[in-house]
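Enquirer: Quick one: the structure is below, and I'll ask about it shortly.
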Amino acid sequence: MTAPAPDPYLPGRPDGDLDVDRYELELDYRVSTNRLEGRAQVYATAVRSTVRVSLELHHRLQVSQVLVDGYRPERWTHRGGLLVLKLKHEIASGAPLVIDVRYAGHPGPKRGPWGEVGWEELSDGVIVAGQPDGAPSWFPCHDSPADKAAYRFTITAEAGYEVVANGRLVTRTPRAGRVRWEYEQSDPMAPYLATLQIGRYLRIATGPREEALVPPRLRDAAAYDLGRQSEMVALFENHFGPYPFASYTVVVTDDDLEIPLEAQGLSVFGANHMDGRRGSERLVAHELAHQWFGNSLTAGLWRDIWLHEGFACYAEWLWSEASGGRSADEQARAAHGRLSGLPQDLVIGDPGPDAMFDDRLYKRGALTLHALRTTLGDESFFRLLRTWTARYRHGTVTTEEFAVCAELESGRPVAALLHPWLFERSLPALVRG
């Protein structure tokens with residue numbers, strides 16, 4: 001067993017002393033006061049012999065007790081968002097351990113290079129938007145996208161609110177004006193994709209495996225705007241392979257949101273994205289595509305984020321092509337024309353933390369895939385995508401692995417094609433096949 005490589009985009013994180021297998025979170029939340037009381041049991045394996053292990057937890061949450069395998073550690077500290085435990089005895093590499101943390105406080109978002117990320121209060125409820133480093137805003141974790149784990153969420157909140165977390169709803173138990181919800185997420189999941197959504201929502205079916213939770217005032221608009229989502233699933237399954245999870249949920253908040261966001265098995269849109277005219281349908285396609293690219297296949301290092309955003313952007317173009325809009329080729333040429341007039345100073349294969357969410361990365365990533373499709377032809381290209389998602393299903397991926405997969409699947413040397421698109425600043429020409 002080896003520790004995930006340190007991510008230079010996320011300095012100061014835990015040093016890779018743990019490989020987490022499972023999180024069991026028991027949370028009691030008061031919406032009216034934004035008061036969270038939590039217990040996290042972290043089932044992990046030591047990746048090296050050590051007497052020191054660490055987890056991340058935002059400083060707004062105060063730790064009251066820590067146990068390791070049922071015993072108090074020699075000491076522990078919680079400073080600067082890092083919970084560090086000194087064990088009484090050295091633990092051997094490969095040995096299992098259970099870290100049990102009790103904590104409480106008034107959670108809020110982490111502030112950093114990407115703005116405010118993680119736990120956020122709504123006008124009446126909660127949204128958790130964890131990408132890229134917001135998971136510690138509500139539970140102690142090894143916040144590396146490469147360290148996927150299973151989860152159980154048990155959340156108690158006031159009656160009258162719908163509570164949504166990742167995975168399958170196991171039980172819903174009313175208790176004296178409050179309701180206890182339990183969700184089980186058995187598929188491996190990166191911490192930043194863990195989410196909690198609380199609001200006064202209606203549940204509506206939007207397809208055989210799809211549902212939406214929406215404010216009552218937006219029921220009709222959301223039903224229409226999400227009305228072609230099942231067709232999107234069918235299209236993407238044809239191009240990308242089977243949908244990687246058991247179900248898909250969309251949450252529409254009663255507040256406006258700057259952008260939609262994805263979590264594993266779930267996406268969140270603001271009220272402003274549901275206009276009753278499908279004005280944000282490309283974003284519906286984009287967030288759905290992240291279930292394959294970003295959630296099932298997750299970049300182990302954030303430098304490879306084009307493997308999430310470039311693919312999701314290209315999915316927008318594929319949906320446009322299939323639904324009577326502009327073809328993917330027309331979309332690509334329009335995007336290329338726009339990018340050619342913008343600064344040529346971005347290397348999308350390693351954009352740096354300040355530029356990892358730059359819209360140019362999204363579009364140039366999609367252009368990279370279109371150039372590959374043009375070169376390989378549709379049959380070979382989409383066979384590659386299906387092989388890619390099957391080979392690394394529920395795993396972590398790198399750009400290098402994609403290049404190798406492309407060459408093995410197509411039988412053609414594509415490295416020379418991919419390199420200028422991914423690792424040179426100047427925008428390559430987009431040629432016709």
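Chain labels run A, B, ... following the order of the structure tokens; each chain numbers its residues from 1, and ligands are numbered from 1 in the order shown.
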Can you tell me, as a list in words, what residues are no more than 12 Å from A:Arg217 when counting only C-alpha atoms, ignoring any on the same chain fewer than 4 positions away?
Expert: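 After dropping sequence-adjacent residues, the list is Arg200, Tyr201, Leu202, Leu213, Ala221, Ala222, Ala223, Val252, Thr253, Asp254, Asp255, Ala271, Met274, Asp275 and Gly276 of chain A.
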Enquirer: Could you write those residues out with N, CA and C atoms, as a compact mmCIF listing (two decimals), in the first residue's frame?
Expert:
# COMPACT_ATOMS: atom_id res chain seq x y z
N ARG A 200 -36.81 22.82 2.27
CA ARG A 200 -38.25 22.51 2.22
C ARG A 200 -38.60 22.20 0.75
N TYR A 201 -38.41 20.94 0.41
CA TYR A 201 -38.50 20.51 -0.99
C TYR A 201 -39.64 19.52 -1.21
N LEU A 202 -40.13 19.50 -2.44
CA LEU A 202 -40.98 18.43 -2.95
C LEU A 202 -40.11 17.46 -3.72
N LEU A 213 -35.56 17.16 -6.16
CA LEU A 213 -36.12 17.81 -4.97
C LEU A 213 -36.15 19.30 -5.26
N ALA A 221 -41.69 24.47 -13.39
CA ALA A 221 -40.52 24.90 -14.16
C ALA A 221 -39.44 23.83 -14.14
N ALA A 222 -39.18 23.25 -12.96
CA ALA A 222 -38.14 22.23 -12.85
C ALA A 222 -38.53 20.97 -13.61
N ALA A 223 -39.78 20.57 -13.52
CA ALA A 223 -40.22 19.37 -14.24
C ALA A 223 -40.00 19.53 -15.73
N VAL A 252 -32.82 21.39 -6.40
CA VAL A 252 -32.96 22.78 -6.84
C VAL A 252 -33.21 23.62 -5.60
N THR A 253 -32.29 24.50 -5.27
CA THR A 253 -32.46 25.32 -4.07
C THR A 253 -33.45 26.45 -4.32
N ASP A 254 -34.04 26.95 -3.24
CA ASP A 254 -34.95 28.09 -3.35
C ASP A 254 -34.18 29.40 -3.50
N ASP A 255 -32.87 29.35 -3.30
CA ASP A 255 -31.99 30.49 -3.48
C ASP A 255 -31.36 30.42 -4.88
N ALA A 271 -32.30 28.28 -7.99
CA ALA A 271 -33.60 28.65 -8.55
C ALA A 271 -33.46 29.38 -9.88
N MET A 274 -33.65 27.30 -13.19
CA MET A 274 -34.91 26.68 -13.59
C MET A 274 -35.87 27.78 -14.04
N ASP A 275 -35.82 28.10 -15.33
CA ASP A 275 -36.63 29.20 -15.85
C ASP A 275 -37.89 28.73 -16.56
N GLY A 276 -38.10 27.40 -16.64
CA GLY A 276 -39.27 26.88 -17.34
C GLY A 276 -39.14 26.94 -18.84
Enquirer: From the DSSP assignment of the backbone, select every residue of stretch 255-329 of chain A that is strand (DSSP E or B), and format the answer as a ChimeraX atom specification.
Expert: /A:261-263,266-269,293,297-299
Enquirer: Mind dumping the selected residues with N, CA and C atoms as a CSV table (one decimal), in the first residue's frame?
Expert:
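Everything below was put into out-v4.csv:
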chain,number,residue,atom,x,y,z
A,261,LEU,N,-23.5,22.6,-9.3
A,261,LEU,CA,-22.4,21.9,-8.8
A,261,LEU,C,-22.8,20.4,-8.7
A,262,GLU,N,-21.7,19.6,-8.8
A,262,GLU,CA,-22.0,18.1,-8.8
A,262,GLU,C,-21.5,17.5,-7.5
A,263,ALA,N,-22.1,16.5,-7.1
A,263,ALA,CA,-21.7,15.6,-6.0
A,263,ALA,C,-21.9,14.2,-6.6
A,266,LEU,N,-25.5,13.0,-7.5
A,266,LEU,CA,-26.4,14.1,-7.2
A,266,LEU,C,-25.8,15.4,-7.8
A,267,SER,N,-26.7,16.3,-8.2
A,267,SER,CA,-26.3,17.6,-8.7
A,267,SER,C,-27.2,18.7,-8.1
A,268,VAL,N,-26.7,19.9,-7.9
A,268,VAL,CA,-27.5,21.0,-7.3
A,268,VAL,C,-27.5,22.2,-8.2
A,269,PHE,N,-28.7,22.7,-8.4
A,269,PHE,CA,-28.9,23.9,-9.2
A,269,PHE,C,-29.6,24.9,-8.4
A,293,PHE,N,-17.4,11.4,-15.4
A,293,PHE,CA,-16.1,12.0,-15.4
A,293,PHE,C,-16.0,13.0,-14.3
A,297,LEU,N,-14.9,8.3,-12.3
A,297,LEU,CA,-13.5,8.5,-12.6
A,297,LEU,C,-13.0,9.8,-12.1
A,298,THR,N,-12.2,9.8,-11.1
A,298,THR,CA,-11.8,11.0,-10.3
A,298,THR,C,-10.3,11.2,-10.5
A,299,ALA,N,-9.9,12.4,-10.9
A,299,ALA,CA,-8.5,12.8,-11.0
A,299,ALA,C,-7.9,12.7,-9.6
Enquirer: Applying 12 Å and only C-alpha atoms, which residues near A:Arg360 remain after dropping the ones on its own chain fewer than 6 positions away? List them as an MDAnalysis selection string.
Expert: chainID A and resid 306 309:310 313 335:348 351 366:368 421:422 425 427
Enquirer: Kindly export the residues of the current selection with N, CA and C atoms, as an mmCIF file, in the first residue's frame.
Expert:
data_model
loop_
_atom_site.group_PDB
_atom_site.id
_atom_site.type_symbol
_atom_site.label_atom_id
_atom_site.label_comp_id
_atom_site.auth_asym_id
_atom_site.auth_seq_id
_atom_site.Cartn_x
_atom_site.Cartn_y
_atom_site.Cartn_z
ATOM 1 N N TRP A 306 -8.814 18.694 -16.121
ATOM 2 C CA TRP A 306 -9.407 18.688 -17.465
ATOM 3 C C TRP A 306 -10.110 17.350 -17.743
ATOM 4 N N GLU A 309 -13.595 18.385 -16.344
ATOM 5 C CA GLU A 309 -14.319 19.502 -16.951
ATOM 6 C C GLU A 309 -14.310 19.471 -18.478
ATOM 7 N N GLY A 310 -13.202 19.027 -19.064
ATOM 8 C CA GLY A 310 -13.173 18.917 -20.516
ATOM 9 C C GLY A 310 -14.183 17.902 -21.020
ATOM 10 N N CYS A 313 -17.772 19.259 -20.489
ATOM 11 C CA CYS A 313 -18.069 20.274 -21.501
ATOM 12 C C CYS A 313 -18.335 19.628 -22.852
ATOM 13 N N ALA A 335 -16.053 27.524 -30.291
ATOM 14 C CA ALA A 335 -15.212 27.633 -29.097
ATOM 15 C C ALA A 335 -13.766 27.931 -29.476
ATOM 16 N N HIS A 336 -13.289 27.301 -30.525
ATOM 17 C CA HIS A 336 -11.918 27.534 -30.970
ATOM 18 C C HIS A 336 -11.727 28.989 -31.398
ATOM 19 N N GLY A 337 -12.718 29.512 -32.088
ATOM 20 C CA GLY A 337 -12.624 30.907 -32.507
ATOM 21 C C GLY A 337 -12.568 31.858 -31.324
ATOM 22 N N ARG A 338 -13.366 31.574 -30.291
ATOM 23 C CA ARG A 338 -13.350 32.430 -29.108
ATOM 24 C C ARG A 338 -12.014 32.308 -28.371
ATOM 25 N N LEU A 339 -11.522 31.083 -28.206
ATOM 26 C CA LEU A 339 -10.264 30.890 -27.477
ATOM 27 C C LEU A 339 -9.082 31.518 -28.202
ATOM 28 N N SER A 340 -9.132 31.526 -29.505
ATOM 29 C CA SER A 340 -8.008 32.077 -30.267
ATOM 30 C C SER A 340 -7.836 33.567 -30.022
ATOM 31 N N GLY A 341 -8.897 34.230 -29.583
ATOM 32 C CA GLY A 341 -8.808 35.652 -29.298
ATOM 33 C C GLY A 341 -8.494 35.974 -27.847
ATOM 34 N N LEU A 342 -8.299 34.952 -27.029
ATOM 35 C CA LEU A 342 -7.994 35.143 -25.610
ATOM 36 C C LEU A 342 -6.514 34.884 -25.348
ATOM 37 N N PRO A 343 -5.988 35.307 -24.196
ATOM 38 C CA PRO A 343 -4.569 35.092 -23.896
ATOM 39 C C PRO A 343 -4.187 33.611 -23.995
ATOM 40 N N GLN A 344 -3.034 33.359 -24.563
ATOM 41 C CA GLN A 344 -2.521 32.000 -24.732
ATOM 42 C C GLN A 344 -1.493 31.741 -23.628
ATOM 43 N N ASP A 345 -1.961 31.629 -22.408
ATOM 44 C CA ASP A 345 -1.046 31.487 -21.271
ATOM 45 C C ASP A 345 -1.466 30.372 -20.323
ATOM 46 N N LEU A 346 -2.284 29.429 -20.818
ATOM 47 C CA LEU A 346 -2.824 28.385 -19.958
ATOM 48 C C LEU A 346 -2.421 27.014 -20.488
ATOM 49 N N VAL A 347 -1.823 26.212 -19.618
ATOM 50 C CA VAL A 347 -1.493 24.816 -19.930
ATOM 51 C C VAL A 347 -2.522 23.961 -19.214
ATOM 52 N N ILE A 348 -3.475 23.393 -19.941
ATOM 53 C CA ILE A 348 -4.605 22.761 -19.266
ATOM 54 C C ILE A 348 -4.230 21.422 -18.627
ATOM 55 N N PRO A 351 -2.687 23.361 -15.015
ATOM 56 C CA PRO A 351 -3.019 24.781 -15.090
ATOM 57 C C PRO A 351 -2.587 25.609 -13.896
ATOM 58 N N ALA A 366 -12.500 20.205 -23.917
ATOM 59 C CA ALA A 366 -13.473 19.654 -24.868
ATOM 60 C C ALA A 366 -12.898 19.641 -26.282
ATOM 61 N N LEU A 367 -12.173 20.680 -26.652
ATOM 62 C CA LEU A 367 -11.542 20.720 -27.974
ATOM 63 C C LEU A 367 -10.516 19.609 -28.137
ATOM 64 N N THR A 368 -9.805 19.284 -27.063
ATOM 65 C CA THR A 368 -8.853 18.178 -27.104
ATOM 66 C C THR A 368 -9.566 16.888 -27.482
ATOM 67 N N TRP A 421 -2.236 20.062 -27.270
ATOM 68 C CA TRP A 421 -3.500 20.513 -26.702
ATOM 69 C C TRP A 421 -3.426 20.641 -25.178
ATOM 70 N N LEU A 422 -2.680 19.742 -24.549
ATOM 71 C CA LEU A 422 -2.668 19.675 -23.088
ATOM 72 C C LEU A 422 -1.494 20.386 -22.443
ATOM 73 N N ARG A 425 1.107 26.163 -24.500
ATOM 74 C CA ARG A 425 0.240 27.316 -24.286
ATOM 75 C C ARG A 425 -0.508 27.720 -25.558
ATOM 76 N N LEU A 427 -2.692 27.724 -28.779
ATOM 77 C CA LEU A 427 -3.841 26.930 -29.181
ATOM 78 C C LEU A 427 -3.566 26.256 -30.519
#
Enquirer: Show which residues sit within 9 Å of A:Val20, as an mmCIF file with N, CA and C atoms, in the first residue's frame. Count only C-alpha atoms, and ignore same-chain residues fewer than 4 positions away.
Expert:
data_model
loop_
_atom_site.group_PDB
_atom_site.id
_atom_site.type_symbol
_atom_site.label_atom_id
_atom_site.label_comp_id
_atom_site.auth_asym_id
_atom_site.auth_seq_id
_atom_site.Cartn_x
_atom_site.Cartn_y
_atom_site.Cartn_z
ATOM 1 N N VAL A 42 -13.900 7.042 11.564
ATOM 2 C CA VAL A 42 -13.095 6.945 10.347
ATOM 3 C C VAL A 42 -12.344 5.622 10.376
ATOM 4 N N TYR A 43 -12.717 4.724 9.486
ATOM 5 C CA TYR A 43 -12.090 3.404 9.391
ATOM 6 C C TYR A 43 -10.979 3.502 8.349
ATOM 7 N N ALA A 44 -9.758 3.284 8.775
ATOM 8 C CA ALA A 44 -8.618 3.561 7.908
ATOM 9 C C ALA A 44 -7.544 2.486 8.062
ATOM 10 N N THR A 45 -6.548 2.568 7.199
ATOM 11 C CA THR A 45 -5.383 1.691 7.234
ATOM 12 C C THR A 45 -4.141 2.563 7.212
ATOM 13 N N ALA A 46 -3.164 2.240 8.050
ATOM 14 C CA ALA A 46 -1.903 2.982 8.042
ATOM 15 C C ALA A 46 -1.113 2.620 6.789
ATOM 16 N N CYS A 141 -11.680 14.467 7.870
ATOM 17 C CA CYS A 141 -11.433 13.583 6.737
ATOM 18 C C CYS A 141 -10.000 13.709 6.259
ATOM 19 N N HIS A 142 -9.601 12.741 5.457
ATOM 20 C CA HIS A 142 -8.367 12.823 4.681
ATOM 21 C C HIS A 142 -8.774 13.377 3.335
ATOM 22 N N ASP A 147 -8.173 9.518 -2.279
ATOM 23 C CA ASP A 147 -8.492 8.619 -1.171
ATOM 24 C C ASP A 147 -10.004 8.419 -1.104
ATOM 25 N N LYS A 148 -10.511 7.531 -1.947
ATOM 26 C CA LYS A 148 -11.939 7.252 -1.991
ATOM 27 C C LYS A 148 -12.318 6.262 -0.892
ATOM 28 N N ALA A 149 -13.552 6.381 -0.422
ATOM 29 C CA ALA A 149 -14.031 5.530 0.665
ATOM 30 C C ALA A 149 -15.536 5.347 0.547
ATOM 31 N N ALA A 150 -16.067 4.373 1.285
ATOM 32 C CA ALA A 150 -17.509 4.223 1.449
ATOM 33 C C ALA A 150 -17.973 5.137 2.591
#
Enquirer: Could you please determine the separation between atom CA of A:His58 and atom CA of A:Asp304 in Å, to one decimal place?
Expert: 25.7 Å
Enquirer: Apply DSSP to the structure's backbone, then extract all residues of stretch 123-296 of chain A labelled alpha helix (DSSP H) and return them as a list in words.
Expert: Arg219, Asp220, Ala221, Ala222, Ala223, Tyr224, Asp225, Gln229, Ser230, Glu231, Met232, Val233, Ala234, Leu235, Phe236, Glu237, Asn238, His239, Phe240, Glu281, Arg282, Leu283, Val284, Ala285, His286, Glu287, Leu288 and Ala289 of chain A
Enquirer: Which is closest to A:Thr387 among A:Val84, A:Ala312, A:Ala415, A:Val404, if we use only C-alpha atoms?
Expert: A:Val404
Enquirer: What does the distance between atom CA of A:Glu26 and atom CA of A:Gly38 come to in Å, to one decimal place?
Expert: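 It comes out at 5.7 Å.
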Enquirer: Using only C-alpha atoms for the distances, tell me which of A:Thr389, A:Asp187, A:Gly108, A:His370 is nearest to A:Glu401.
Expert: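 Selected residue with least distance to A:Glu401: A:Thr389.
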Enquirer: Rank A:Ser296, A:Thr171, A:Thr398, A:Thr206 by their smallest atom-to-atom distance to A:Pro188, using only C-alpha atoms, and report the top residue only.
Expert: A:Ser296
Enquirer: Compare A:Ser144, A:Ser247, A:Ser410, A:Thr50 by their minimum atom-to-atom distance to A:Glu210, counting only C-alpha atoms, and give me the closest one.
Expert: A:Ser247
Enquirer: Could you jot down the atom CA of A:Ser54 to atom CA of A:Thr33 separation for me, Å, one decimal place?
Expert: 29.7 Å
Enquirer: Any idea what's packed within 8 Å of A:Leu67, counting only C-alpha atoms, ignoring anything in its chain fewer than 5 positions away? Could you give it as a ChimeraX atom specification?
Expert: /A:72-73,99-101
Enquirer: Measuring between only C-alpha atoms, which one of A:Val214, A:Val128, A:Val431, A:Leu283 shows the shortest distance to A:Gln229?
Expert: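 Of A:Val214, A:Val128, A:Val431, A:Leu283, the one nearest A:Gln229, counting only C-alpha atoms, is A:Leu283.
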Enquirer: Which polymer residues have any atom within 10 Å of an atom of A:Gly12, counting only C-alpha atoms, with same-chain residues fewer than 6 positions away left out, as a ChimeraX atom specification?
Expert: /A:6,56,80-82
Enquirer: With distances taken over only C-alpha atoms, which of A:Ser320, A:Asn34, A:Gln331, A:Asn272 is nearest to A:His286?
Expert: A:Ser320
Enquirer: List the neighbours of stretch 381-386 of chain A out to 8 Å using only C-alpha atoms; skip same-chain residues closer than 3 positions along the sequence, and give me the result as a ChimeraX atom specification.
Expert: /A:239-241,372-373,376-378,389-390,405-406,409-410
